[in-house]
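Below: the structure, in structure tokens.
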Amino acid sequence: MIWIIANWKSHKSVAEALDWIGLVGPHIPTNENLKVVVCPPFTDLAEVKTKILTSGFKMMVGSQDLSPFPEGAYTGEEAASILKDVVELAILGHSERRKNFNETDEMIAAKVSEAREYNILPLVCVQSGDTPVPEGVRLVAYEPVFAIGTGNADDPAEAEDVAKKLKGRCGQELEVLYGGSVNSENAQAFLKQENLSGLLIGTASLEADEFIKILEVVSG
Ligand code: PGA
């Protein structure tokens with residue numbers, strides 16, 4: 001399986017999100033082994049989901065986070081039990097959340113457990129081969145902090161070594177993605193690595209044209 005996941009971070013109004021879906025949707029290769037996921041801000045989720053469904057695009061929708069708590073008196077939080085209606089996957093433990101919102105490994109483990117309870121696939125971001133991976137997680141993204149948003153991607157061979165280490169720790173069934181300054185020029189070098197199963201893409205996912213180019217690289 002190859003995962004191509006767009007992490008829009010805190011970008012795109014509903015109108016901009018729908019434009020992007022309309023442009024990218026028709027370019028998604030019909031390869032059975034490819035999963036394309038778009039992770040917009042919370043405010044865009046419902047409309048993005050509806051547009052994908054009504055257009056019949058082969059695209060999954062994910063969130064960029066979710067609450068470590070169940071539904072209840074947690075102002076500002078997005079409970080997995082509510083999100084499950086619009087998302088199939090949640091990015092958890094991104095380094096920007098660890099740094100700017102003091103997310104700890106314990107909080108990330110609680111989020112994973114909420115996600116799993118409601119059949120949302122947790123995609124846990126790890127910053128190295130030693131970052132804790134909560135029980136039951138089958139999909140992780142290796143995203144070294146120096147590579148995020150800097151234009152300075154990691155060496156694909158180093159990402160491959162980290163992927164091997166993570167699989168050694170968590171089991172060979174673990175799928176490991178790479179993220180950090182991925183673009184249409186370097187995507188292929190990461191996808192060629194034996195132990196990498198896809199890409200988590202921030203900056204280069206924002207422009208529909210560049211994202212379509214990455215999809216073209218994937219489909220060969
Ligand atoms: P980037 O972000 O592609 O802009 O480096 C990736 C990420 O943070 O997921």
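By order in the structure tokens, chains are A, B, ...; within a chain, residues start at 1; ligands start at 1, following the order shown.
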
Practice item. Please check which protein, DNA or RNA residues sit within 9 Å of ligand 1, counting only C-alpha atoms and all ligand atoms, and write them as an MDAnalysis selection string. Key: chainID A and resid 5:9 91 94:96 125 141 143 145:153 178:183 199:205

Exercise for review: Extract the full set of alpha helix (DSSP H) residues from region 31-172 of chain A according to DSSP on the backbone, and format it as number ranges by chain.
Suggested key: A: 45-55, 80-83, 95-100, 105-117, 156-170

Practice item. Work out how far CA of Leu34 (chain A) is from CA of Arg138 (chain A), in Å to one decimal. Key: 16.6 Å

Check your understanding: Which residues, written as a list in words, have at least one atom at most 10 Å from Glu207 (chain A), with only C-alpha atoms counted and residues fewer than 6 positions away on the same chain left out?
Key -> Trp8, Trp20, Leu23 and Val24 of chain A

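Closest approach to Val137 (chain A) among A:Val124, A:Asp209, A:Leu18, A:Val86 is made by A:Val124 (distances from only C-alpha atoms).
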
Produce a table with one row for each residue of region 109-217 of chain A that has an atom at most 7 Å from any atom of region 48-70 of chain A, each row naming the nearest atom pair and its distance in Å at one decimal; use only C-alpha atoms; arrange rows by chain and rising residue number; format as a Markdown table.
```
| residue | atom | partner | partner_atom | distance |
| --- | --- | --- | --- | --- |
| A:Ala110 | CA | A:Pro68 | CA | 5.0 |
| A:Lys111 | CA | A:Pro68 | CA | 4.2 |
| A:Glu114 | CA | A:Pro68 | CA | 6.4 |
```

**Study point:** For CA of Gly168 (chain A) and CA of Gly136 (chain A), the interatomic separation in Å (one decimal)
**Key:**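 Distance reported for this atom pair: 15.0 Å.
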
Exercise for review: Could you give me, as a list in words, the residues within 6 Å of Val14 (chain A), counting only C-alpha atoms and dropping anything in the same chain fewer than 2 positions from it?
Suggested key: Glu16, Ala17 and Asp44 of chain A

Check your understanding: Which residue out of A:Val162, A:Leu174, A:Met107, A:Glu185 has the minimum interatomic distance to Ser128 (chain A) when only C-alpha atoms are used?
Key ->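 Closest to Ser128 (chain A) of all the choices is A:Val162.
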
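Between CA of Ser219 (chain A) and CA of Ala46 (chain A) lies a distance of 28.4 Å.
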
**Study point:** strand (DSSP E or B) call set, DSSP backbone run, chain A, as number ranges by chain
**Key:** A: 2-7, 34-39, 60-63, 89-92, 121-126, 139-142, 175-179, 198-201

Exercise for review: Would you mind telling me which residue in A:Leu215, A:Leu177, A:Ile108, A:Arg116 lies nearest to Leu139 (chain A) when using only C-alpha atoms?
Suggested key: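 Answer, going by the shortest atom-to-atom distance: A:Leu177.
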
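Every protein or nucleic acid residue with an atom no more than 10 Å from Glu135 (chain A), counting only C-alpha atoms and leaving out same-chain residues fewer than 6 positions away, appears here: Ala109, Val112, Ser113 and Cys170 of chain A.
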
Please produce a file of the residues just selected, as a JSON list (two decimals), in the first residue's frame, where the atoms kept are all heavy atoms.
```json
[["chain", "number", "residue", "atom", "x", "y", "z"],
["A", 109, "ALA", "N", -0.96, 9.10, 23.36],
["A", 109, "ALA", "CA", -1.49, 7.73, 23.59],
["A", 109, "ALA", "C", -2.99, 7.78, 23.86],
["A", 109, "ALA", "O", -3.75, 6.92, 23.38],
["A", 109, "ALA", "CB", -0.74, 7.06, 24.74],
["A", 112, "VAL", "N", -4.74, 8.32, 20.59],
["A", 112, "VAL", "CA", -4.74, 7.08, 19.79],
["A", 112, "VAL", "C", -5.86, 6.18, 20.28],
["A", 112, "VAL", "O", -6.60, 5.59, 19.49],
["A", 112, "VAL", "CB", -3.37, 6.36, 19.91],
["A", 112, "VAL", "CG1", -3.45, 4.93, 19.43],
["A", 112, "VAL", "CG2", -2.31, 7.13, 19.13],
["A", 113, "SER", "N", -6.01, 6.09, 21.59],
["A", 113, "SER", "CA", -7.02, 5.19, 22.12],
["A", 113, "SER", "C", -8.43, 5.68, 21.78],
["A", 113, "SER", "O", -9.31, 4.88, 21.40],
["A", 113, "SER", "CB", -6.71, 4.97, 23.61],
["A", 113, "SER", "OG", -7.79, 5.12, 24.37],
["A", 170, "CYS", "N", 8.37, -2.17, 16.45],
["A", 170, "CYS", "CA", 6.91, -2.26, 16.54],
["A", 170, "CYS", "C", 6.32, -3.44, 15.76],
["A", 170, "CYS", "O", 5.13, -3.70, 15.88],
["A", 170, "CYS", "CB", 6.27, -0.98, 16.02],
["A", 170, "CYS", "SG", 6.84, 0.48, 16.86]]
```

Review point. Which is closest to Glu106 (chain A) among A:Ala187, A:Val133, A:Ala80, A:Val87, if we use only C-alpha atoms?
Key: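 Looking at the shortest contact to Glu106 (chain A), the residue is A:Val133.
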